[in-house]
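Q: I am attaching a structure below and will ask some questions about it afterwards.
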Amino acid sequence: MGKVIIRKITTLKETIGSCLDELGFKPKYREIILKPNVLSYLKSGSGFITDVKVVRALIQALLERYEIDRIFVAESSYINADTKKSFAAAGYYALEKLSPKVTLVDLKDAEYEDGNFNVRIPKILKDKTLIDMPVLKGHPQTGLTCALKNLKGLLHDSDKRNIHKWGLEEHLPLLANFKVELVIVDATTVRETFGKPFPRKFSFNRIIAGFDPAEVDKAACLLTGIDVDTIKYLKTVLEGKNEETELIGFSGPLAKWKPVVRLLKIGKYGINITSSCSRCWDNCLEAIRPGHIKRETSIINDVLTVLNSFLLPENVNLIVGSHKELIGAQDGKVVLCGDCAVNKLGIKNAIEVRGCPPTAEAIRKALKEKHTDRKS
Ligand code: SF4
């Protein structure tokens, strides 16, 4: 029987160490890959990325317990984002000073080879123990981004795009094919809805540990009060499993999250995010509220953005992704943002901003353009 442990933190090193011991974890290889979530230029402790403190504590616990030759901390940030800048913003370069055995790896520079599940996989994974280290977050489209979805950061940017083009929720189960030996979730500081302008922040002060990413995600749902059946990709993966899992340390939810948002509203602006990549709608948000990507906006600026939007003559709909339900569902000005929306939705008289993803500057320019009355 598998196990998932939810543990309140005493000290990070002690808590993570006790999880390794209780799970009876034994790495298969002497070389380890840690895959945290460092998706963009965000700070540790923000609840948006895996806190460097959690990674540091795991490295220390691993080096104390096992004979390990090398530890690679590997990530590929958002499509078109610079992973090295993400590592720097989150304070990850300090990890290399812990031990000469620790190296940061920007997977955007890595070599990839054909995997056996429709996507290419980084060659560096071969003959190494893969440890998945997500941060626990809600996600506006899929509901949850935790252990399974964090593995998307192992993909080449072209396959990250493909997963969105093929259909995000239907294709995330592909990620269950990665051979993960251990999952350690940063559930210290967490966010209800990643990507929303004002996502609620919680201090859970927990570590979740287990062997199976899907079972760990199920525990994350219980902790956040999310109905696991509403997380489509997770439900698909769990339906294919027979083994029972023992859940240790769960004494009730710490919150009641409602993370899914199909339409982000900011005054008279609406961003339709159904089935798009986060990078695409993040750039829409950056166009409307500069500083969004680095989380450097202020409440005063946000209030001004909303108030100024009410001076607009009509609603402004930014559409990203290619979901057909978006056709004709808007009133006012329509801006198709990104190649998916431009090529697949073809809404007449909409303003088009090409790019994959389109830049925030190009979207901002389009927001200032006038449009003729839409006929359909
Ligand atoms: S256009 Fe946007 S939604 Fe489409 S693949 Fe590119 S980044 Fe993703």
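So you can find residues: chains in the structure tokens are A, B, ... in the order shown, residues in each start at 1, and ligands are numbered from 1 in order.
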Which neighbours of stretch 125-129 of chain A fall inside 8 Å, counting only C-alpha atoms, when residues of the same chain fewer than 6 positions from it are skipped, and could you give them as number ranges by chain?
A: A: 27-33, 180-181
Q: Using only C-alpha atoms and all ligand atoms, which protein or nucleic acid residues are at most 8 Å from ligand 1, as an MDAnalysis selection string?
A: chainID A and resid 79 160:162 164:165 275:281 320:322 337:341 354:358
Q: Go ahead and write the residues just picked, N, CA and C atoms, as a short mmCIF file (atom, residue, chain, number, x, y, z; two decimals), in the first residue's frame.
A:
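Below you can see part12.cif, which holds the result:
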data_model
loop_
_atom_site.label_atom_id
_atom_site.label_comp_id
_atom_site.auth_asym_id
_atom_site.auth_seq_id
_atom_site.Cartn_x
_atom_site.Cartn_y
_atom_site.Cartn_z
N ILE A 79 7.00 29.29 -21.02
CA ILE A 79 7.38 29.47 -22.42
C ILE A 79 7.93 30.90 -22.58
N LYS A 160 5.27 22.11 -24.32
CA LYS A 160 4.37 22.85 -23.41
C LYS A 160 3.27 23.51 -24.25
N ARG A 161 3.68 24.09 -25.39
CA ARG A 161 2.69 24.71 -26.28
C ARG A 161 1.73 23.65 -26.82
N ASN A 162 2.31 22.51 -27.23
CA ASN A 162 1.48 21.45 -27.82
C ASN A 162 0.39 21.01 -26.85
N HIS A 164 -1.12 22.65 -24.65
CA HIS A 164 -2.21 23.63 -24.64
C HIS A 164 -3.02 23.54 -25.93
N LYS A 165 -2.29 23.36 -27.05
CA LYS A 165 -3.01 23.31 -28.33
C LYS A 165 -3.86 22.05 -28.43
N SER A 275 -8.72 27.37 -21.70
CA SER A 275 -7.78 26.53 -22.47
C SER A 275 -6.59 27.27 -23.08
N SER A 276 -6.15 28.34 -22.46
CA SER A 276 -4.94 28.99 -22.99
C SER A 276 -3.74 28.68 -22.10
N CYS A 277 -2.55 29.00 -22.60
CA CYS A 277 -1.35 28.87 -21.75
C CYS A 277 -1.32 30.03 -20.76
N SER A 278 -0.75 29.76 -19.59
CA SER A 278 -0.66 30.82 -18.58
C SER A 278 0.14 32.01 -19.12
N ARG A 279 1.15 31.73 -19.94
CA ARG A 279 2.00 32.80 -20.45
C ARG A 279 1.18 33.79 -21.28
N CYS A 280 0.20 33.27 -22.02
CA CYS A 280 -0.63 34.11 -22.86
C CYS A 280 -1.49 35.04 -22.00
N TRP A 281 -2.20 34.47 -21.00
CA TRP A 281 -3.05 35.37 -20.21
C TRP A 281 -2.27 36.19 -19.22
N VAL A 320 -7.93 34.61 -25.22
CA VAL A 320 -6.73 33.81 -25.44
C VAL A 320 -7.14 32.33 -25.52
N GLY A 321 -6.31 31.53 -26.21
CA GLY A 321 -6.66 30.11 -26.35
C GLY A 321 -7.59 29.93 -27.54
N SER A 322 -8.13 28.73 -27.66
CA SER A 322 -8.87 28.44 -28.89
C SER A 322 -10.20 27.74 -28.61
N CYS A 337 -5.86 37.49 -28.65
CA CYS A 337 -4.47 37.57 -28.23
C CYS A 337 -3.78 36.22 -28.41
N GLY A 338 -2.80 36.18 -29.31
CA GLY A 338 -2.02 34.96 -29.49
C GLY A 338 -2.45 34.19 -30.73
N ASP A 339 -1.51 33.41 -31.27
CA ASP A 339 -1.76 32.68 -32.53
C ASP A 339 -2.93 31.72 -32.42
N CYS A 340 -3.13 31.09 -31.25
CA CYS A 340 -4.24 30.14 -31.12
C CYS A 340 -5.57 30.83 -31.37
N ALA A 341 -5.78 31.96 -30.68
CA ALA A 341 -7.06 32.67 -30.81
C ALA A 341 -7.22 33.25 -32.21
N ARG A 354 -0.89 38.81 -32.95
CA ARG A 354 -0.24 37.51 -33.16
C ARG A 354 0.94 37.32 -32.22
N GLY A 355 1.41 36.09 -32.15
CA GLY A 355 2.57 35.77 -31.29
C GLY A 355 2.24 34.55 -30.46
N CYS A 356 3.26 33.87 -30.05
CA CYS A 356 3.06 32.65 -29.25
C CYS A 356 4.11 32.59 -28.15
N PRO A 357 3.87 33.29 -27.05
CA PRO A 357 2.72 34.14 -26.78
C PRO A 357 2.91 35.53 -27.37
N PRO A 358 1.84 36.31 -27.49
CA PRO A 358 1.98 37.70 -27.93
C PRO A 358 2.63 38.51 -26.80
#
Q: Env of stretch 93-105 of chain A: 7 Å cut, atoms = only C-alpha atoms, seq-sep filter 6 positions within chain, self excluded. Answer as a list in words.
A: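 These residues fall inside the cut-off: Arg56, Asp69, Arg70, Ile71, Phe72, Val73, Ala74, Glu75 and Phe87 of chain A.
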Q: Write a file of the just-selected residues containing C-alpha atoms, as a short mmCIF file (atom, residue, chain, number, x, y, z; two decimals), in the first residue's frame.
A:
data_model
loop_
_atom_site.label_atom_id
_atom_site.label_comp_id
_atom_site.auth_asym_id
_atom_site.auth_seq_id
_atom_site.Cartn_x
_atom_site.Cartn_y
_atom_site.Cartn_z
CA ARG A 56 17.57 23.64 0.69
CA ASP A 69 27.10 11.82 -6.02
CA ARG A 70 25.23 14.72 -7.61
CA ILE A 71 22.03 16.72 -7.11
CA PHE A 72 20.67 18.65 -10.10
CA VAL A 73 17.99 21.28 -9.48
CA ALA A 74 16.32 21.36 -12.88
CA GLU A 75 13.60 23.61 -14.25
CA PHE A 87 16.43 31.06 -10.40
#
Q: Give the answer as one residue: which of A:Ile248, A:Leu222, A:Leu154, A:Val52 has the shortest atom-to-atom distance to A:Ile5, using only C-alpha atoms?
A: A:Ile248
Q: Closest to A:Leu34 among A:Ala61, A:Leu148, A:Leu130, A:Leu168, using only C-alpha atoms?
A: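 Of A:Ala61, A:Leu148, A:Leu130, A:Leu168, the one nearest A:Leu34, counting only C-alpha atoms, is A:Leu130.
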Q: Show me, as a list in words, the residues that have an atom within 12 Å of A:Ala88 when counting only C-alpha atoms, minus same-chain residues fewer than 2 positions from it.
A: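 My list of contacting residues is Val38, Leu39, Ser40, Tyr41, Leu42, Lys43, Ser44, Val52, Asp82, Thr83, Lys84, Lys85, Ser86, Ala90, Gly91, Tyr92, Tyr93, Ala94, Leu95, Glu96, Leu104 and Asp106 of chain A.
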Q: For stretch 229-233 of chain A, find every residue with an atom within 9 Å (counting only C-alpha atoms), except residues of its own chain fewer than 6 positions away, and show them as an mmCIF file with C-alpha atoms, in the first residue's frame.
A:
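Full text of selection19.cif as output:
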data_model
loop_
_atom_site.group_PDB
_atom_site.id
_atom_site.type_symbol
_atom_site.label_atom_id
_atom_site.label_comp_id
_atom_site.auth_asym_id
_atom_site.auth_seq_id
_atom_site.Cartn_x
_atom_site.Cartn_y
_atom_site.Cartn_z
ATOM 1 C CA THR A 142 -7.513 23.269 -14.190
ATOM 2 C CA GLY A 143 -8.366 23.858 -10.522
ATOM 3 C CA LEU A 144 -5.097 22.589 -9.074
ATOM 4 C CA LEU A 168 -4.747 21.176 -21.535
ATOM 5 C CA GLU A 169 -7.033 19.171 -19.259
ATOM 6 C CA GLU A 170 -7.212 16.185 -21.611
ATOM 7 C CA HIS A 171 -3.439 15.990 -22.064
ATOM 8 C CA LEU A 172 -2.086 16.718 -18.588
ATOM 9 C CA PRO A 173 -2.488 12.997 -17.694
ATOM 10 C CA CYS A 221 -7.266 18.639 -2.757
#
Q: Between atom CA of A:Asn205 and atom CA of A:Ile9, what distance in Å does the model show, to one decimal?
A: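 Interatomic distance here is 5.8 Å.
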Q: For A:Leu304, which residue out of A:Ile273, A:Ile6, A:Ile266, A:Leu336 is the nearest one, using only C-alpha atoms?
A: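 Ranking A:Ile273, A:Ile6, A:Ile266, A:Leu336 by distance to A:Leu304, first place goes to A:Ile266.
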Q: DSSP says alpha helix (DSSP H) for which residues of stretch 255-332 of chain A? Put them as a list of chain:residue names?
A: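 DSSP on the backbone gives alpha helix (DSSP H) at A:Ser278, A:Arg279, A:Cys280, A:Trp281, A:Asp282, A:Asn283, A:Cys284, A:Leu285, A:Glu286, A:Ala287, A:Ile288, A:Ile299, A:Ile300, A:Asn301, A:Asp302, A:Val303, A:Leu304, A:Thr305, A:Val306, A:Leu307, A:Asn308, A:Ser309.
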Q: Go ahead and write the residues just picked, N, CA and C atoms, as an mmCIF file, in the first residue's frame.
A:
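Full text of result-v8.cif as output:
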data_model
loop_
_atom_site.group_PDB
_atom_site.id
_atom_site.type_symbol
_atom_site.label_atom_id
_atom_site.label_comp_id
_atom_site.auth_asym_id
_atom_site.auth_seq_id
_atom_site.Cartn_x
_atom_site.Cartn_y
_atom_site.Cartn_z
ATOM 1 N N SER A 278 -0.746 29.759 -19.585
ATOM 2 C CA SER A 278 -0.659 30.822 -18.583
ATOM 3 C C SER A 278 0.137 32.006 -19.122
ATOM 4 N N ARG A 279 1.154 31.730 -19.939
ATOM 5 C CA ARG A 279 1.996 32.802 -20.451
ATOM 6 C C ARG A 279 1.179 33.793 -21.279
ATOM 7 N N CYS A 280 0.204 33.266 -22.016
ATOM 8 C CA CYS A 280 -0.631 34.111 -22.860
ATOM 9 C C CYS A 280 -1.491 35.042 -21.996
ATOM 10 N N TRP A 281 -2.196 34.473 -20.996
ATOM 11 C CA TRP A 281 -3.053 35.367 -20.212
ATOM 12 C C TRP A 281 -2.275 36.193 -19.224
ATOM 13 N N ASP A 282 -1.087 35.736 -18.845
ATOM 14 C CA ASP A 282 -0.230 36.566 -17.997
ATOM 15 C C ASP A 282 0.176 37.833 -18.764
ATOM 16 N N ASN A 283 0.475 37.676 -20.061
ATOM 17 C CA ASN A 283 0.861 38.849 -20.848
ATOM 18 C C ASN A 283 -0.322 39.790 -21.054
ATOM 19 N N CYS A 284 -1.544 39.230 -21.116
ATOM 20 C CA CYS A 284 -2.738 40.108 -21.172
ATOM 21 C C CYS A 284 -2.829 40.921 -19.882
ATOM 22 N N LEU A 285 -2.638 40.241 -18.763
ATOM 23 C CA LEU A 285 -2.696 40.949 -17.476
ATOM 24 C C LEU A 285 -1.583 41.989 -17.378
ATOM 25 N N GLU A 286 -0.410 41.638 -17.892
ATOM 26 C CA GLU A 286 0.726 42.577 -17.865
ATOM 27 C C GLU A 286 0.399 43.817 -18.721
ATOM 28 N N ALA A 287 -0.321 43.597 -19.813
ATOM 29 C CA ALA A 287 -0.690 44.733 -20.679
ATOM 30 C C ALA A 287 -1.640 45.677 -19.948
ATOM 31 N N ILE A 288 -2.525 45.104 -19.155
ATOM 32 C CA ILE A 288 -3.522 45.926 -18.449
ATOM 33 C C ILE A 288 -2.945 46.517 -17.171
ATOM 34 N N ILE A 299 -1.586 48.243 -4.814
ATOM 35 C CA ILE A 299 -3.055 48.302 -4.712
ATOM 36 C C ILE A 299 -3.558 49.610 -5.318
ATOM 37 N N ILE A 300 -2.818 50.719 -5.107
ATOM 38 C CA ILE A 300 -3.255 52.014 -5.656
ATOM 39 C C ILE A 300 -3.332 51.935 -7.177
ATOM 40 N N ASN A 301 -2.273 51.352 -7.787
ATOM 41 C CA ASN A 301 -2.280 51.231 -9.256
ATOM 42 C C ASN A 301 -3.418 50.343 -9.739
ATOM 43 N N ASP A 302 -3.695 49.269 -8.973
ATOM 44 C CA ASP A 302 -4.787 48.379 -9.363
ATOM 45 C C ASP A 302 -6.132 49.097 -9.298
ATOM 46 N N VAL A 303 -6.320 49.878 -8.241
ATOM 47 C CA VAL A 303 -7.587 50.619 -8.108
ATOM 48 C C VAL A 303 -7.704 51.611 -9.265
ATOM 49 N N LEU A 304 -6.581 52.293 -9.612
ATOM 50 C CA LEU A 304 -6.607 53.256 -10.723
ATOM 51 C C LEU A 304 -6.917 52.560 -12.047
ATOM 52 N N THR A 305 -6.339 51.352 -12.226
ATOM 53 C CA THR A 305 -6.606 50.595 -13.467
ATOM 54 C C THR A 305 -8.100 50.314 -13.599
ATOM 55 N N VAL A 306 -8.711 49.872 -12.494
ATOM 56 C CA VAL A 306 -10.151 49.553 -12.530
ATOM 57 C C VAL A 306 -10.956 50.832 -12.799
ATOM 58 N N LEU A 307 -10.637 51.931 -12.075
ATOM 59 C CA LEU A 307 -11.399 53.172 -12.246
ATOM 60 C C LEU A 307 -11.252 53.703 -13.672
ATOM 61 N N ASN A 308 -10.000 53.676 -14.189
ATOM 62 C CA ASN A 308 -9.771 54.166 -15.556
ATOM 63 C C ASN A 308 -10.542 53.351 -16.589
ATOM 64 N N SER A 309 -10.693 52.055 -16.299
ATOM 65 C CA SER A 309 -11.394 51.217 -17.275
ATOM 66 C C SER A 309 -12.842 51.655 -17.433
#
Q: Please, what distance in Å, to one decimal, runs between atom CA of A:Ala219 and atom CA of A:Leu107?
A: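 Atom CA of A:Leu107 lies at a distance of 28.7 Å from atom CA of A:Ala219.
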Q: Under the rule that only C-alpha atoms are counted, which of A:Lys35, A:Lys196, A:Arg289, A:Lys333 is the nearest residue to A:Leu151?
A: A:Lys35
Q: Given the choices A:Met1, A:Ile347, A:Phe310, A:Ile271, which gets closest to A:Asn242 if the distance is worked out from only C-alpha atoms?
A: A:Met1
Q: Identify all residues of stretch 147-355 of chain A in strand (DSSP E) (DSSP on the backbone) and supply them as JSON, numbers by chain.
A: {"A": [180, 181, 182, 183, 184, 185, 186, 187, 188, 189, 190, 191, 201, 202, 203, 204, 205, 206, 207, 208, 209, 210, 245, 246, 247, 248, 263, 264, 265, 266, 269, 270, 271, 272, 316, 317, 318, 319, 333, 334, 335, 336, 337, 351, 352, 353]}
Q: Mind checking which residues fall within 12 Å of A:Leu367, counting only C-alpha atoms, ignoring those fewer than 4 positions away in the same chain, and posting them as a list in words?
A: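 Residues meeting the cut-off are Tyr269, Gly270, Cys284, Leu285, Ala287, Ile288, Ser309, Leu312, Glu314, Asn315, Val316, Asn317, Leu318, Lys333, Val334, Val335, Leu336, Cys337, Ala350, Ile351, Glu352, Val353, Ala360, Glu361, Ala362, Ile363 and His371 of chain A.
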Q: For the selection you just gave me, I'd like the residues written to a file as a compact mmCIF listing (two decimals), in the first residue's frame, keeping N, CA and C atoms.
A:
# COMPACT_ATOMS: atom_id res chain seq x y z
N TYR A 269 -12.49 45.51 -18.39
CA TYR A 269 -11.70 44.53 -19.12
C TYR A 269 -12.12 43.12 -18.69
N GLY A 270 -12.19 42.23 -19.65
CA GLY A 270 -12.42 40.82 -19.33
C GLY A 270 -11.39 39.98 -20.08
N CYS A 284 -1.54 39.23 -21.12
CA CYS A 284 -2.74 40.11 -21.17
C CYS A 284 -2.83 40.92 -19.88
N LEU A 285 -2.64 40.24 -18.76
CA LEU A 285 -2.70 40.95 -17.48
C LEU A 285 -1.58 41.99 -17.38
N ALA A 287 -0.32 43.60 -19.81
CA ALA A 287 -0.69 44.73 -20.68
C ALA A 287 -1.64 45.68 -19.95
N ILE A 288 -2.53 45.10 -19.15
CA ILE A 288 -3.52 45.93 -18.45
C ILE A 288 -2.94 46.52 -17.17
N SER A 309 -10.69 52.06 -16.30
CA SER A 309 -11.39 51.22 -17.28
C SER A 309 -12.84 51.66 -17.43
N LEU A 312 -13.66 53.81 -20.34
CA LEU A 312 -13.69 53.24 -21.70
C LEU A 312 -15.12 53.27 -22.23
N GLU A 314 -16.71 51.17 -24.00
CA GLU A 314 -17.39 49.87 -24.03
C GLU A 314 -16.51 48.82 -23.33
N ASN A 315 -17.09 47.65 -23.10
CA ASN A 315 -16.30 46.56 -22.53
C ASN A 315 -15.19 46.15 -23.49
N VAL A 316 -14.09 45.68 -22.94
CA VAL A 316 -12.98 45.21 -23.77
C VAL A 316 -12.72 43.75 -23.40
N ASN A 317 -12.89 42.87 -24.39
CA ASN A 317 -12.71 41.43 -24.16
C ASN A 317 -11.41 40.96 -24.77
N LEU A 318 -10.52 40.47 -23.95
CA LEU A 318 -9.29 39.87 -24.47
C LEU A 318 -9.51 38.36 -24.48
N LYS A 333 -15.60 45.64 -27.50
CA LYS A 333 -14.39 45.44 -28.31
C LYS A 333 -13.77 44.08 -28.01
N VAL A 334 -13.34 43.40 -29.07
CA VAL A 334 -12.75 42.06 -28.88
C VAL A 334 -11.30 42.08 -29.39
N VAL A 335 -10.39 41.63 -28.57
CA VAL A 335 -8.98 41.54 -28.97
C VAL A 335 -8.57 40.07 -28.87
N LEU A 336 -8.24 39.48 -30.02
CA LEU A 336 -7.77 38.09 -30.02
C LEU A 336 -6.27 38.10 -29.75
N CYS A 337 -5.86 37.49 -28.65
CA CYS A 337 -4.47 37.57 -28.23
C CYS A 337 -3.78 36.22 -28.41
N ALA A 350 -12.61 41.59 -34.98
CA ALA A 350 -11.81 41.60 -33.76
C ALA A 350 -10.42 42.14 -34.10
N ILE A 351 -9.78 42.75 -33.14
CA ILE A 351 -8.39 43.18 -33.33
C ILE A 351 -7.51 41.97 -33.05
N GLU A 352 -6.52 41.76 -33.90
CA GLU A 352 -5.70 40.55 -33.74
C GLU A 352 -4.29 40.89 -33.29
N VAL A 353 -3.81 40.16 -32.30
CA VAL A 353 -2.42 40.31 -31.86
C VAL A 353 -1.76 38.95 -31.97
N ALA A 360 3.29 41.59 -24.15
CA ALA A 360 2.41 42.51 -23.42
C ALA A 360 2.35 43.86 -24.13
N GLU A 361 3.49 44.27 -24.72
CA GLU A 361 3.54 45.57 -25.40
C GLU A 361 2.60 45.56 -26.60
N ALA A 362 2.61 44.47 -27.36
CA ALA A 362 1.74 44.39 -28.55
C ALA A 362 0.27 44.39 -28.12
N ILE A 363 -0.04 43.72 -27.03
CA ILE A 363 -1.43 43.68 -26.55
C ILE A 363 -1.83 45.09 -26.08
N HIS A 371 -11.83 49.99 -32.89
CA HIS A 371 -12.28 48.93 -33.77
C HIS A 371 -13.61 49.36 -34.40
Q: How far is it from atom CA of A:Leu12 to atom CA of A:Ser203, in Å with one decimal?
A: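 Spanning atom CA of A:Leu12 to atom CA of A:Ser203 is a straight-line distance of 14.3 Å.
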Q: Have a look at A:Pro36, A:Gly17, A:Gly45, A:Leu247 and name the one nearest to A:Arg65; count only C-alpha atoms.
A: A:Gly17
Q: Within 7 Å of A:Val135, counting only C-alpha atoms, which residues show up once you throw out same-chain ones fewer than 3 positions away? Write them as a PyMOL selection string, please.
A: chain A and resi 37+49-50+146+185-187
